[in-house]
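Next up, query_6.cif (mmCIF, C-alpha atoms):
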data_upload
#
loop_
_atom_site.label_atom_id
_atom_site.label_comp_id
_atom_site.auth_asym_id
_atom_site.auth_seq_id
_atom_site.Cartn_x
_atom_site.Cartn_y
_atom_site.Cartn_z
CA MET A 1 35.66 -6.53 18.34
CA ILE A 2 32.74 -4.46 19.64
CA ARG A 3 32.69 -2.58 16.33
CA PHE A 4 32.31 -5.90 14.41
CA GLY A 5 29.36 -6.85 16.66
CA ARG A 6 27.65 -3.54 15.93
CA ILE A 7 28.07 -4.07 12.19
CA VAL A 8 26.60 -7.58 12.38
CA ALA A 9 23.69 -6.34 14.52
CA SER A 10 23.01 -3.48 12.09
CA CYS A 11 22.97 -5.88 9.12
CA ALA A 12 20.65 -8.29 10.94
CA LEU A 13 18.28 -5.45 11.81
CA ALA A 14 18.23 -4.28 8.18
CA VAL A 15 17.38 -7.79 6.97
CA LEU A 16 14.59 -8.14 9.54
CA LEU A 17 13.10 -4.77 8.64
CA ALA A 18 13.16 -5.64 4.94
CA GLY A 19 10.91 -8.63 5.65
CA CYS A 20 8.28 -6.64 7.58
CA SER A 21 5.05 -5.71 5.83
CA ASP A 22 4.05 -2.73 8.00
CA LEU A 23 7.00 -0.48 7.25
CA PRO A 24 6.86 3.27 6.76
CA PRO A 25 6.49 4.29 3.08
CA ILE A 26 10.17 5.21 2.90
CA PHE A 27 11.02 1.47 2.92
CA GLU A 28 8.49 0.48 0.22
CA ASP A 29 9.78 -0.74 -3.13
CA VAL A 30 7.97 1.47 -5.62
CA GLY A 31 10.02 0.56 -8.69
CA ALA A 32 12.81 2.25 -10.64
CA ASP A 33 10.70 4.70 -12.66
CA PRO A 34 11.96 8.27 -12.07
CA HIS A 35 8.35 9.47 -11.89
CA PRO A 36 6.30 6.88 -9.95
CA PRO A 37 2.59 7.63 -9.63
CA GLY A 38 1.06 9.14 -6.53
CA LEU A 39 -2.32 8.26 -5.04
CA THR A 40 -4.34 9.96 -2.33
CA LEU A 41 -7.46 8.44 -0.78
CA LEU A 42 -10.01 11.26 -0.59
CA GLY A 43 -13.08 9.45 0.70
CA ILE A 44 -14.70 6.13 1.56
CA GLY A 45 -18.38 5.31 1.08
CA VAL A 46 -20.82 2.46 0.63
CA GLY A 47 -23.07 2.15 -2.42
CA SER A 48 -22.70 2.67 -6.14
CA PRO A 49 -21.15 5.93 -7.39
CA GLU A 50 -23.21 5.59 -10.54
CA PRO A 51 -26.14 8.00 -10.64
CA PRO A 52 -29.54 6.37 -10.11
CA PRO A 53 -31.84 5.97 -13.14
CA GLU A 54 -33.19 9.20 -14.58
CA PRO A 55 -36.29 10.37 -12.72
CA PRO A 56 -39.20 11.78 -14.70
CA ALA A 57 -38.56 15.29 -15.98
CA PRO A 58 -39.55 17.98 -13.49
CA THR A 59 -42.78 19.74 -14.38
CA SER A 60 -41.53 23.15 -13.23
CA GLY A 61 -39.05 23.34 -16.12
CA ALA A 62 -36.00 23.57 -13.82
CA ALA A 63 -33.26 21.02 -14.38
CA ALA A 64 -32.62 18.93 -11.27
CA ASP A 65 -29.20 17.54 -10.41
CA THR A 66 -29.18 13.75 -10.22
CA PRO A 67 -27.85 12.84 -6.76
CA ARG A 68 -25.32 10.09 -6.37
CA SER A 69 -26.18 7.16 -4.16
CA VAL A 70 -22.87 7.34 -2.21
CA THR A 71 -22.02 9.59 0.68
CA TYR A 72 -18.25 9.80 1.07
CA PHE A 73 -16.63 9.97 4.50
CA PRO A 74 -13.05 10.96 5.38
CA PRO A 75 -10.39 8.29 4.70
CA ASP A 76 -9.92 7.59 8.40
CA ALA A 77 -13.63 6.80 8.92
CA VAL A 78 -14.62 3.15 9.30
CA VAL A 79 -17.64 2.35 7.13
CA THR A 80 -19.80 -0.77 7.28
CA VAL A 81 -20.24 -3.04 4.25
CA ARG A 82 -23.07 -5.60 4.17
CA PRO A 83 -22.47 -8.24 1.44
CA TYR A 84 -26.08 -9.54 1.58
CA ASP A 85 -27.62 -6.06 1.17
CA ASP A 86 -27.66 -4.91 -2.47
CA ASN A 87 -27.62 -1.27 -1.34
CA ALA A 88 -24.61 -1.71 1.00
CA LYS A 89 -22.42 -4.41 -0.58
CA THR A 90 -20.32 -2.06 -2.72
CA LEU A 91 -17.37 -0.20 -1.23
CA ALA A 92 -16.80 3.08 -3.08
CA LEU A 93 -13.48 4.91 -2.92
CA ARG A 94 -12.73 8.38 -4.25
CA VAL A 95 -9.04 8.80 -5.08
CA ALA A 96 -6.83 11.49 -6.54
CA TYR A 97 -3.91 10.38 -8.67
CA ALA A 98 -0.87 12.09 -10.11
CA ASP A 99 1.66 10.67 -12.56
CA ALA A 100 4.21 12.91 -14.26
CA GLY A 101 4.74 10.29 -16.98
CA ALA A 102 0.99 10.18 -17.78
CA ASP A 103 1.23 6.39 -18.08
CA LEU A 104 -0.93 5.29 -15.14
CA SER A 105 -2.17 1.77 -15.88
CA GLU A 106 -4.22 0.62 -12.87
CA ILE A 107 -5.40 1.30 -9.35
CA THR A 108 -5.47 -1.80 -7.17
CA VAL A 109 -7.29 -2.54 -3.90
CA ARG A 110 -6.30 -5.55 -1.78
CA ASP A 111 -8.26 -6.92 1.18
CA LEU A 112 -5.72 -8.25 3.68
CA ASP A 113 -8.45 -10.02 5.68
CA GLY A 114 -10.64 -11.49 2.94
CA PRO A 115 -11.27 -12.16 -0.76
CA ASN A 116 -12.43 -8.64 -1.68
CA ASN A 117 -9.79 -7.46 -4.12
CA GLY A 118 -10.30 -5.27 -7.14
CA SER A 119 -8.92 -2.66 -9.48
CA GLY A 120 -10.16 0.67 -10.72
CA THR A 121 -11.16 1.52 -14.25
CA LEU A 122 -9.05 4.28 -15.72
CA PRO A 123 -10.04 6.63 -18.51
CA ASP A 124 -8.49 5.91 -21.93
CA PHE A 125 -6.16 8.87 -21.50
CA PRO A 126 -5.68 9.38 -17.77
CA GLY A 127 -3.36 12.39 -18.14
CA THR A 128 -1.01 13.47 -15.40
CA SER A 129 -3.63 13.87 -12.66
CA GLY A 130 -7.28 13.40 -11.89
CA ILE A 131 -9.92 12.05 -9.55
CA LEU A 132 -11.46 8.59 -9.91
CA GLU A 133 -14.06 6.51 -8.16
CA VAL A 134 -13.12 2.89 -7.53
CA THR A 135 -15.69 0.31 -6.41
CA ILE A 136 -15.45 -3.19 -5.00
CA ASP A 137 -18.43 -5.51 -4.51
CA PHE A 138 -17.90 -7.45 -1.29
CA VAL A 139 -18.60 -11.16 -1.73
CA ARG A 140 -20.99 -13.09 0.48
CA THR A 141 -18.20 -15.33 1.73
CA SER A 142 -16.59 -12.38 3.52
CA VAL A 143 -15.86 -12.97 7.18
CA PRO A 144 -17.67 -10.50 9.46
CA GLY A 145 -15.58 -8.00 11.37
CA PRO A 146 -12.87 -5.49 10.51
CA HIS A 147 -11.11 -5.81 7.16
CA ARG A 148 -7.81 -4.03 6.49
CA LEU A 149 -7.49 -2.85 2.90
CA GLU A 150 -4.68 -1.29 0.89
CA ILE A 151 -4.90 0.80 -2.27
CA TRP A 152 -2.14 1.85 -4.68
CA ALA A 153 -1.59 3.02 -8.26
CA GLN A 154 0.74 1.45 -10.83
CA ASP A 155 2.05 2.86 -14.09
CA ALA A 156 3.14 1.27 -17.36
CA GLU A 157 6.74 1.04 -16.11
CA ALA A 158 5.58 -1.22 -13.22
CA SER A 159 6.36 1.50 -10.69
CA ARG A 160 3.74 2.05 -8.05
CA SER A 161 2.68 4.59 -5.51
CA ALA A 162 3.05 4.06 -1.81
CA LYS A 163 0.23 1.95 -0.37
CA THR A 164 -2.54 3.64 1.58
CA SER A 165 -4.19 1.52 4.27
CA PHE A 166 -7.72 1.84 5.63
CA THR A 167 -10.27 -0.30 7.46
CA VAL A 168 -13.91 -1.21 6.81
CA THR A 169 -16.27 -3.34 8.88
CA VAL A 170 -18.17 -6.24 7.31
CA GLU A 171 -21.58 -7.12 8.81
CA ILE A 172 -23.50 -10.24 7.89
CA PHE A 173 -27.26 -10.21 8.50
#
Kindly present the structure from the file in structure tokens form.
Amino acid sequence: MIRFGRIVASCALAVLLAGCSDLPPIFEDVGADPHPPGLTLLGIGVGSPEPPPEPPAPTSGAAADTPRSVTYFPPDAVVTVRPYDDNAKTLALRVAYADAGADLSEITVRDLDGPNNGSGTLPDFPGTSGILEVTIDFVRTSVPGPHRLEIWAQDAEASRSAKTSFTVTVEIF
């Protein structure tokens, strides 16, 4: 009879764990594709990854590199986004992706604590691996404080990578 109780308890525990959202990646449903995509968050920054407008040509004849307006920090850094500041309302993410099937279709970002969701633009032919910059403009209705975000990649077979979680802080001035 004790053995039956252990079986019932094990089944109940399995059902409870299946309903939890903060499970280790081993319990995530990533689809049935034999080659699901992989995604690695390389850096987090605030600002637009687009280069600023072209400055006037240098008079010395040397070509100057156009700096980007984003400084990327490690993925575990907590950056501050300010929705009312045009220079600090855009969250920029640098990600590396890999997909053996070369059929990556989208990179999605979800804000668990607000309305700031988005997806990344992929090149026409993403290939089997690469590095992309994904941006999300935070809306003015964002609640101030910490926001937990998740990012993942999905391929044409509806299989997805494991989710990567990170946190940003929203400040309202």
Test item: the PyMOL selection byres ((chain A and resi 97) around 6) resolved as JSON, numbers by chain: {"A": [38, 39, 96, 98, 129, 130]}
Polymer residues at most 6 Å from Leu91 in chain A, all atoms listed in the file, same-chain spacing of 2 or more positions, as number ranges by chain: A: 46, 135-136
Residues of the last selection are to be written out with C-alpha atoms, as a short mmCIF file (atom, residue, chain, number, x, y, z; two decimals), in the frame of the given file.
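New file selection.cif:
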data_model
loop_
_atom_site.label_atom_id
_atom_site.label_comp_id
_atom_site.auth_asym_id
_atom_site.auth_seq_id
_atom_site.Cartn_x
_atom_site.Cartn_y
_atom_site.Cartn_z
CA VAL A 46 -20.82 2.46 0.63
CA THR A 135 -15.69 0.31 -6.41
CA ILE A 136 -15.45 -3.19 -5.00
#
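Interatomic distance, CA of Val70 in chain A against CA of Ile131 in chain A: 15.6 Å.
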Selection result for the PyMOL selection byres ((chain A and resi 132) around 6) on this file, as a PyMOL selection string: chain A and resi 94-95+131+133
Residue IDs satisfying the PyMOL selection byres ((chain A and resi 73) around 7), as a ChimeraX atom specification: /A:43-45,71-72,74-75,77
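For the set A:Thr121, A:Thr164, A:Gln154, A:Thr141, the residue with the smallest atom-to-atom gap to Lys89 in chain A is A:Thr141, counting all atoms listed in the file.
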CA of Trp152 in chain A to CA of Val170 in chain A, distance in Å rounded to a single decimal: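 One can read the CA of Trp152 in chain A to CA of Val170 in chain A distance as 21.6 Å.
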Residue neighbourhood Asn117 in chain A, 9 Å, only C-alpha atoms, exclusion window fewer than 2 positions, as a PyMOL selection string: chain A and resi 108-112+114-115+119+136-138+149
CA of Leu42 in chain A to CA of Ser69 in chain A, straight-line distance in Å: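 Separating CA of Ser69 in chain A from CA of Leu42 in chain A is a distance of 17.1 Å.
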Within-10 Å shell of (-7.6, 7.5, -20.3) in input frame, only C-alpha atoms, as a PyMOL selection string: chain A and resi 102-105+121-127
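Nearest to Val81 in chain A of all the residues A:Ser142, A:Ser159, A:Thr169, A:Ser48 is A:Thr169, based on all atoms listed in the file.
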Quick one: what's the axis-aligned box for range 105-121 of chain A, all listed atoms, 3 Å on every side, centre and edges in Å to one decimal, as lines of an AutoDock Vina configuration file?
center_x = -7.3
center_y = -5.2
center_z = -5.1
size_x = 16.3
size_y = 19.9
size_z = 27.6
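Restricting the calculation to all atoms listed in the file, the smallest distance between Asp86 in chain A and any of A:Thr40, A:Ala100, A:Val134, A:Arg140 is found for A:Arg140.
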All residues 6 Å or closer to Arg160 in chain A, only C-alpha atoms, same chain fewer than 4 positions away omitted, as a PDB file with C-alpha atoms, in the coordinates of the input:
ATOM      1  CA  VAL A  30       7.970   1.470  -5.620  1.00  0.00           C
ATOM      2  CA  PRO A  36       6.300   6.880  -9.950  1.00  0.00           C
ATOM      3  CA  PRO A  37       2.590   7.630  -9.630  1.00  0.00           C
ATOM      4  CA  ALA A 153      -1.590   3.020  -8.260  1.00  0.00           C
ATOM      5  CA  GLN A 154       0.740   1.450 -10.830  1.00  0.00           C
TER       6      GLN A 154
END
